[in-house]
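Structure file upload-v1.pdb with PDB, C-alpha atoms:
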```
ATOM      1  CA  MET A  27     108.150 187.245  95.262
ATOM      2  CA  GLN A  28     106.364 186.326  98.470
ATOM      3  CA  ILE A  29     108.871 186.232 101.288
ATOM      4  CA  LYS A  30     106.648 184.291 103.666
ATOM      5  CA  LYS A  31     106.701 181.154 101.500
ATOM      6  CA  HIS A  32     110.463 180.902 102.058
ATOM      7  CA  ILE A  33     110.307 181.353 105.853
ATOM      8  CA  PRO A  34     109.592 177.678 106.725
ATOM      9  CA  ASN A  35     112.468 176.422 104.529
ATOM     10  CA  ALA A  36     114.768 179.066 106.012
ATOM     11  CA  ILE A  37     113.898 177.773 109.487
ATOM     12  CA  THR A  38     114.608 174.215 108.323
ATOM     13  CA  LEU A  39     118.029 175.316 107.049
ATOM     14  CA  LEU A  40     118.725 176.792 110.488
ATOM     15  CA  ASN A  41     118.002 173.340 111.883
ATOM     16  CA  LEU A  42     120.553 171.884 109.449
ATOM     17  CA  ALA A  43     123.101 174.580 110.350
ATOM     18  CA  SER A  44     122.651 173.755 114.035
ATOM     19  CA  GLY A  45     123.395 170.104 113.275
ATOM     20  CA  LEU A  46     126.574 171.023 111.423
ATOM     21  CA  LEU A  47     127.731 173.166 114.343
ATOM     22  CA  ALA A  48     126.985 170.268 116.710
ATOM     23  CA  ILE A  49     129.200 167.974 114.617
ATOM     24  CA  ILE A  50     132.071 170.448 114.807
ATOM     25  CA  ALA A  51     131.581 170.802 118.576
ATOM     26  CA  ILE A  52     131.712 167.017 119.059
ATOM     27  CA  PHE A  53     134.959 166.709 117.093
ATOM     28  CA  LYS A  54     136.454 169.453 119.267
ATOM     29  CA  GLY A  55     135.301 167.688 122.439
ATOM     30  CA  TYR A  56     132.785 170.377 123.365
ATOM     31  CA  TYR A  57     129.941 168.000 124.165
ATOM     32  CA  ASP A  58     127.983 170.607 126.113
ATOM     33  CA  GLU A  59     127.970 172.943 123.105
ATOM     34  CA  ALA A  60     126.921 170.056 120.863
ATOM     35  CA  PHE A  61     123.991 169.412 123.183
ATOM     36  CA  ILE A  62     122.948 173.072 122.964
ATOM     37  CA  PHE A  63     123.188 173.110 119.153
ATOM     38  CA  VAL A  64     121.012 169.999 118.922
ATOM     39  CA  CYS A  65     118.434 171.622 121.218
ATOM     40  CA  VAL A  66     118.459 174.718 118.999
ATOM     41  CA  GLY A  67     118.090 172.562 115.892
ATOM     42  CA  ILE A  68     115.131 170.707 117.382
ATOM     43  CA  PHE A  69     113.571 174.058 118.296
ATOM     44  CA  PHE A  70     113.746 175.120 114.651
ATOM     45  CA  ASP A  71     112.432 171.713 113.568
ATOM     46  CA  PHE A  72     109.458 172.231 115.865
ATOM     47  CA  TRP A  73     108.433 175.478 114.183
ATOM     48  CA  ASP A  74     109.180 175.049 110.474
ATOM     49  CA  GLY A  75     106.150 172.847 109.894
ATOM     50  CA  PHE A  76     103.962 175.130 111.985
ATOM     51  CA  PHE A  77     104.779 178.180 109.867
ATOM     52  CA  ALA A  78     104.425 176.159 106.664
ATOM     53  CA  ARG A  79     100.863 175.319 107.673
ATOM     54  CA  LYS A  80     100.225 178.806 109.040
ATOM     55  CA  PHE A  81     101.251 180.459 105.762
ATOM     56  CA  ASN A  82      99.690 177.651 103.707
ATOM     57  CA  VAL A  83     102.958 177.009 101.876
ATOM     58  CA  SER A  84     103.457 173.315 102.696
ATOM     59  CA  GLY A  85     105.012 171.398  99.826
ATOM     60  CA  GLU A  86     107.164 168.481  98.749
ATOM     61  CA  LEU A  87     110.344 170.601  98.850
ATOM     62  CA  GLY A  88     109.794 171.494 102.480
ATOM     63  CA  LEU A  89     109.050 167.860 103.380
ATOM     64  CA  GLN A  90     112.250 166.561 101.798
ATOM     65  CA  LEU A  91     114.376 169.411 103.142
ATOM     66  CA  ASP A  92     113.036 168.805 106.637
ATOM     67  CA  SER A  93     114.038 165.141 106.476
ATOM     68  CA  LEU A  94     117.501 165.973 105.157
ATOM     69  CA  ALA A  95     118.052 168.429 108.005
ATOM     70  CA  ASP A  96     116.815 165.876 110.546
ATOM     71  CA  VAL A  97     119.169 163.206 109.163
ATOM     72  CA  VAL A  98     122.051 165.479 110.165
ATOM     73  CA  THR A  99     120.832 167.043 113.418
ATOM     74  CA  SER A 100     118.925 164.048 114.773
ATOM     75  CA  GLY A 101     120.738 161.218 112.978
ATOM     76  CA  VAL A 102     124.405 161.916 112.253
ATOM     77  CA  VAL A 103     124.964 163.929 115.443
ATOM     78  CA  PRO A 104     123.715 161.325 117.993
ATOM     79  CA  GLY A 105     125.513 158.542 116.100
ATOM     80  CA  LEU A 106     128.723 160.553 116.181
ATOM     81  CA  MET A 107     128.179 161.280 119.881
ATOM     82  CA  ILE A 108     128.081 157.576 120.742
ATOM     83  CA  PHE A 109     131.114 157.022 118.493
ATOM     84  CA  LYS A 110     133.091 159.654 120.402
ATOM     85  CA  LEU A 111     131.964 158.443 123.833
ATOM     86  CA  LEU A 112     133.067 154.902 122.995
ATOM     87  CA  GLN A 113     136.307 156.229 121.543
ATOM     88  CA  ASP A 114     136.953 158.218 124.737
ATOM     89  CA  ILE A 115     136.488 155.074 126.824
ATOM     90  CA  GLN A 116     138.792 153.173 124.492
ATOM     91  CA  GLU A 117     141.522 155.788 124.860
ATOM     92  CA  ASP A 118     141.164 156.400 128.602
ATOM     93  CA  ASP A 119     140.482 152.974 130.083
ATOM     94  CA  THR A 120     141.146 150.250 127.544
ATOM     95  CA  SER A 121     142.372 147.621 129.983
ATOM     96  CA  LYS A 122     139.171 147.542 132.042
ATOM     97  CA  TYR A 123     136.897 146.744 129.106
ATOM     98  CA  PHE A 124     139.418 144.979 126.846
ATOM     99  CA  LEU A 125     139.027 147.546 124.083
ATOM    100  CA  THR A 126     142.617 147.415 122.893
ATOM    101  CA  GLU A 127     143.476 146.526 119.301
ATOM    102  CA  GLU A 128     144.468 143.129 120.633
ATOM    103  CA  TYR A 129     140.777 142.409 121.203
ATOM    104  CA  TYR A 130     139.082 144.744 118.718
ATOM    105  CA  TYR A 131     140.748 145.152 115.345
ATOM    106  CA  MET A 132     141.517 148.872 114.712
ATOM    107  CA  GLY A 133     139.086 149.959 117.384
ATOM    108  CA  PHE A 134     135.955 148.741 115.565
ATOM    109  CA  VAL A 135     133.629 149.090 118.570
ATOM    110  CA  PRO A 136     133.098 152.900 118.470
ATOM    111  CA  TYR A 137     131.812 152.695 114.898
ATOM    112  CA  LEU A 138     128.845 150.668 116.116
ATOM    113  CA  GLY A 139     127.440 153.945 117.428
ATOM    114  CA  PHE A 140     126.471 154.813 113.865
ATOM    115  CA  ILE A 141     123.743 152.186 114.075
ATOM    116  CA  ILE A 142     121.721 155.119 115.410
ATOM    117  CA  THR A 143     122.439 157.154 112.274
ATOM    118  CA  LEU A 144     121.415 154.298 109.978
ATOM    119  CA  ALA A 145     118.220 153.647 111.944
ATOM    120  CA  SER A 146     117.395 157.369 111.972
ATOM    121  CA  ALA A 147     117.817 157.672 108.200
ATOM    122  CA  TYR A 148     115.604 154.629 107.656
ATOM    123  CA  ARG A 149     112.983 155.992 110.050
ATOM    124  CA  LEU A 150     112.890 159.395 108.302
ATOM    125  CA  ALA A 151     112.595 157.836 104.846
ATOM    126  CA  LYS A 152     109.792 155.591 106.069
ATOM    127  CA  PHE A 153     108.049 158.570 107.665
ATOM    128  CA  ASN A 154     107.860 160.401 104.319
ATOM    129  CA  ILE A 155     105.917 157.600 102.646
ATOM    130  CA  ASP A 156     103.905 156.293 105.611
ATOM    131  CA  THR A 157     100.371 157.714 105.360
ATOM    132  CA  ARG A 158      99.651 156.601 108.938
ATOM    133  CA  GLN A 159     101.982 159.279 110.340
ATOM    134  CA  THR A 160     100.195 162.447 109.286
ATOM    135  CA  ASP A 161      98.893 163.328 112.779
ATOM    136  CA  SER A 162     100.983 161.021 114.952
ATOM    137  CA  PHE A 163     104.187 158.982 114.889
ATOM    138  CA  ILE A 164     104.909 155.289 114.533
ATOM    139  CA  GLY A 165     108.112 154.727 116.461
ATOM    140  CA  LEU A 166     110.205 157.202 118.426
ATOM    141  CA  PRO A 167     110.719 160.515 116.532
ATOM    142  CA  THR A 168     114.346 161.220 115.656
ATOM    143  CA  PRO A 169     114.500 164.558 117.569
ATOM    144  CA  ALA A 170     113.341 162.855 120.782
ATOM    145  CA  ASN A 171     115.909 160.103 120.293
ATOM    146  CA  ALA A 172     118.632 162.669 119.593
ATOM    147  CA  LEU A 173     117.861 164.474 122.859
ATOM    148  CA  PHE A 174     118.050 161.177 124.709
ATOM    149  CA  ILE A 175     121.480 160.340 123.248
ATOM    150  CA  MET A 176     122.855 163.866 123.668
ATOM    151  CA  SER A 177     121.858 163.829 127.345
ATOM    152  CA  ILE A 178     124.358 161.030 128.045
ATOM    153  CA  PRO A 179     127.552 163.152 128.191
ATOM    154  CA  MET A 180     125.655 165.854 130.095
ATOM    155  CA  ILE A 181     124.650 163.326 132.774
ATOM    156  CA  GLN A 182     128.215 161.991 132.847
ATOM    157  CA  PHE A 183     129.762 165.398 133.422
ATOM    158  CA  ALA A 184     127.105 166.574 135.891
ATOM    159  CA  GLY A 185     127.950 163.557 138.065
ATOM    160  CA  THR A 186     124.777 163.919 140.140
ATOM    161  CA  HIS A 187     124.111 160.174 140.377
ATOM    162  CA  GLU A 188     127.364 158.242 140.660
ATOM    163  CA  TRP A 189     125.836 154.836 139.837
ATOM    164  CA  LEU A 190     124.310 156.265 136.654
ATOM    165  CA  VAL A 191     127.574 157.928 135.659
ATOM    166  CA  ASP A 192     129.449 154.637 136.114
ATOM    167  CA  ALA A 193     126.880 152.844 133.984
ATOM    168  CA  LEU A 194     127.100 155.417 131.188
ATOM    169  CA  PHE A 195     130.893 155.069 131.099
ATOM    170  CA  ASN A 196     130.462 151.365 130.359
ATOM    171  CA  PRO A 197     130.850 150.651 126.614
ATOM    172  CA  PHE A 198     128.470 147.705 126.778
ATOM    173  CA  VAL A 199     125.771 149.946 128.254
ATOM    174  CA  LEU A 200     126.338 152.486 125.481
ATOM    175  CA  LEU A 201     126.094 149.753 122.849
ATOM    176  CA  GLY A 202     122.891 148.520 124.486
ATOM    177  CA  ILE A 203     121.475 152.050 124.382
ATOM    178  CA  SER A 204     122.419 152.293 120.694
ATOM    179  CA  LEU A 205     120.607 149.051 119.842
ATOM    180  CA  LEU A 206     117.550 150.041 121.901
ATOM    181  CA  SER A 207     117.567 153.428 120.204
ATOM    182  CA  ALA A 208     117.651 151.844 116.738
ATOM    183  CA  TYR A 209     114.758 149.561 117.677
ATOM    184  CA  MET A 210     112.569 152.298 119.183
ATOM    185  CA  LEU A 211     113.045 154.538 116.142
ATOM    186  CA  ASN A 212     111.410 151.953 113.897
ATOM    187  CA  ALA A 213     109.150 150.076 116.311
ATOM    188  CA  GLU A 214     105.460 149.784 115.424
ATOM    189  CA  ILE A 215     104.426 151.812 118.475
ATOM    190  CA  PRO A 216     101.987 154.741 117.903
ATOM    191  CA  LEU A 217     103.218 157.921 119.627
ATOM    192  CA  PHE A 218     101.459 161.274 119.704
ATOM    193  CA  SER A 219     102.897 164.135 117.678
ATOM    194  CA  LEU A 220     104.909 166.769 119.535
ATOM    195  CA  LYS A 221     104.202 169.432 116.923
ATOM    196  CA  ILE A 222     101.459 171.934 117.719
ATOM    197  CA  LYS A 223      99.385 172.603 114.601
ATOM    198  CA  ASN A 224      97.169 175.285 116.166
ATOM    199  CA  PHE A 225      96.491 176.898 119.527
ATOM    200  CA  SER A 226      93.430 174.802 120.400
ATOM    201  CA  TRP A 227      93.518 173.398 123.950
ATOM    202  CA  GLU A 228      91.249 170.489 123.050
ATOM    203  CA  LYS A 229      93.512 169.323 120.228
ATOM    204  CA  ASN A 230      96.791 169.967 122.028
ATOM    205  CA  LYS A 231      96.076 169.196 125.695
ATOM    206  CA  LEU A 232      98.186 166.025 125.646
ATOM    207  CA  GLN A 233     101.148 167.925 124.205
ATOM    208  CA  VAL A 234     100.709 170.758 126.734
ATOM    209  CA  ILE A 235     100.495 168.338 129.681
ATOM    210  CA  PHE A 236     103.590 166.524 128.452
ATOM    211  CA  LEU A 237     105.543 169.762 128.019
ATOM    212  CA  ALA A 238     104.475 171.001 131.479
ATOM    213  CA  LEU A 239     105.567 167.747 133.144
ATOM    214  CA  SER A 240     108.828 167.874 131.183
ATOM    215  CA  VAL A 241     109.608 171.367 132.485
ATOM    216  CA  VAL A 242     108.976 170.228 136.076
ATOM    217  CA  LEU A 243     111.226 167.196 135.614
ATOM    218  CA  LEU A 244     113.992 169.365 134.166
ATOM    219  CA  PHE A 245     113.895 171.646 137.195
ATOM    220  CA  VAL A 246     113.953 168.723 139.625
ATOM    221  CA  LEU A 247     116.319 166.271 137.921
ATOM    222  CA  GLU A 248     118.258 168.579 135.555
ATOM    223  CA  PHE A 249     120.006 166.615 132.768
ATOM    224  CA  THR A 250     119.000 163.288 134.291
ATOM    225  CA  ALA A 251     115.416 164.254 133.460
ATOM    226  CA  LEU A 252     115.932 163.854 129.700
ATOM    227  CA  PRO A 253     115.823 160.038 129.531
ATOM    228  CA  VAL A 254     112.949 160.134 132.042
ATOM    229  CA  ILE A 255     111.093 162.550 129.747
ATOM    230  CA  ILE A 256     111.503 160.176 126.794
ATOM    231  CA  LEU A 257     110.091 157.337 128.894
ATOM    232  CA  LEU A 258     107.233 159.638 129.950
ATOM    233  CA  TYR A 259     106.538 160.409 126.294
ATOM    234  CA  VAL A 260     106.274 156.718 125.428
ATOM    235  CA  ALA A 261     104.153 156.005 128.534
ATOM    236  CA  LEU A 262     101.697 158.841 127.805
ATOM    237  CA  SER A 263     101.422 157.678 124.203
ATOM    238  CA  VAL A 264     100.596 154.118 125.261
ATOM    239  CA  LEU A 265      98.050 155.445 127.784
ATOM    240  CA  ASN A 266      96.527 157.713 125.139
ATOM    241  CA  ASN A 267      96.287 154.791 122.706
ATOM    242  CA  THR A 268      94.515 152.721 125.354
ATOM    243  CA  VAL A 269      91.990 155.496 126.066
ATOM    244  CA  LEU A 270      91.291 156.036 122.356
ATOM    245  CA  ALA A 271      90.825 152.299 121.827
ATOM    246  CA  LYS A 272      88.116 152.203 124.503
ATOM    247  CA  LYS A 273      86.113 155.044 122.907
TER     248      LYS A 273
END
```
Before we go any further, please render this structure as structure tokens.
Amino acid sequence: MQIKKHIPNAITLLNLASGLLAIIAIFKGYYDEAFIFVCVGIFFDFWDGFFARKFNVSGELGLQLDSLADVVTSGVVPGLMIFKLLQDIQEDDTSKYFLTEEYYYMGFVPYLGFIITLASAYRLAKFNIDTRQTDSFIGLPTPANALFIMSIPMIQFAGTHEWLVDALFNPFVLLGISLLSAYMLNAEIPLFSLKIKNFSWEKNKLQVIFLALSVVLLFVLEFTALPVIILLYVALSVLNNTVLAKK
């Protein structure tokens, strides 16, 4: 039995395991640990496809397993994160935002966070059958969206920008982010792939430039950099599409 053919799927399962650990961390209130587990899961998701291509063992099993793992790590986890953040607001400051049962039957509002999970599942299913997304993405990739959502509690607790913290403790802002997230996941916007298929500079220069700028932003802005990085990703993709259209 060739061990190397099982390596990519093993890496994918590590992605899934990271998502499960993130779920447990969220339920325990350890949002920082949940953020770390999602980052680890996305790291594994970045490399499973690379090794599958490197070892020439790509197959339908790996494709489906990868999507199932992403549904958990990049779909269930961010949806649950918004659910918990809204629930925390409901429990800590109900009078300010009228989130008592008198206004919202049985605390229905937090469950709206799972719009992200539904949109992520739909996006992943569509990705598997969309032949246009072999070398690029149509709509925001679920890992990028998950990082964006998971950065919210990190920005809140860092407290670097008070106005931003206040905004992110507003349930209506969180619901707006959830709806925007669901839209961007399935929007017909071409975005370049973040996965490096080989070590060619010519074929990966856009990815390398993006990663380099992301590292700089992380050093300068810390957790606040994550939503900025997502915006940078979309902006570079639009710019790249414009350049390619002119050629």
What residues come out when you apply the PyMOL selection byres ((chain A and resi 43) around 12) to this file, written as a ChimeraX atom specification? /A:36-42,44-50,63-64,66-68,70-71,94-96,98-99,103
Taking the file as I've supplied it (selection: the PyMOL selection byres ((chain A and resi 144) around 10)), which residues are included? Please answer as a ChimeraX atom specification. /A:97,101-102,105,139-143,145-149,208
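Picture a line from CA of Leu252 (chain A) to CA of Trp73 (chain A); it runs 20.8 Å.
Using all atoms listed in the file for every distance, the candidate list A:Ile115, A:Ala251, A:Val241, A:Met176 yields A:Met176 as the residue closest to Ser204 (chain A).
As for CA of Ser100 (chain A) and CA of Thr186 (chain A), they are spaced 26.0 Å apart.
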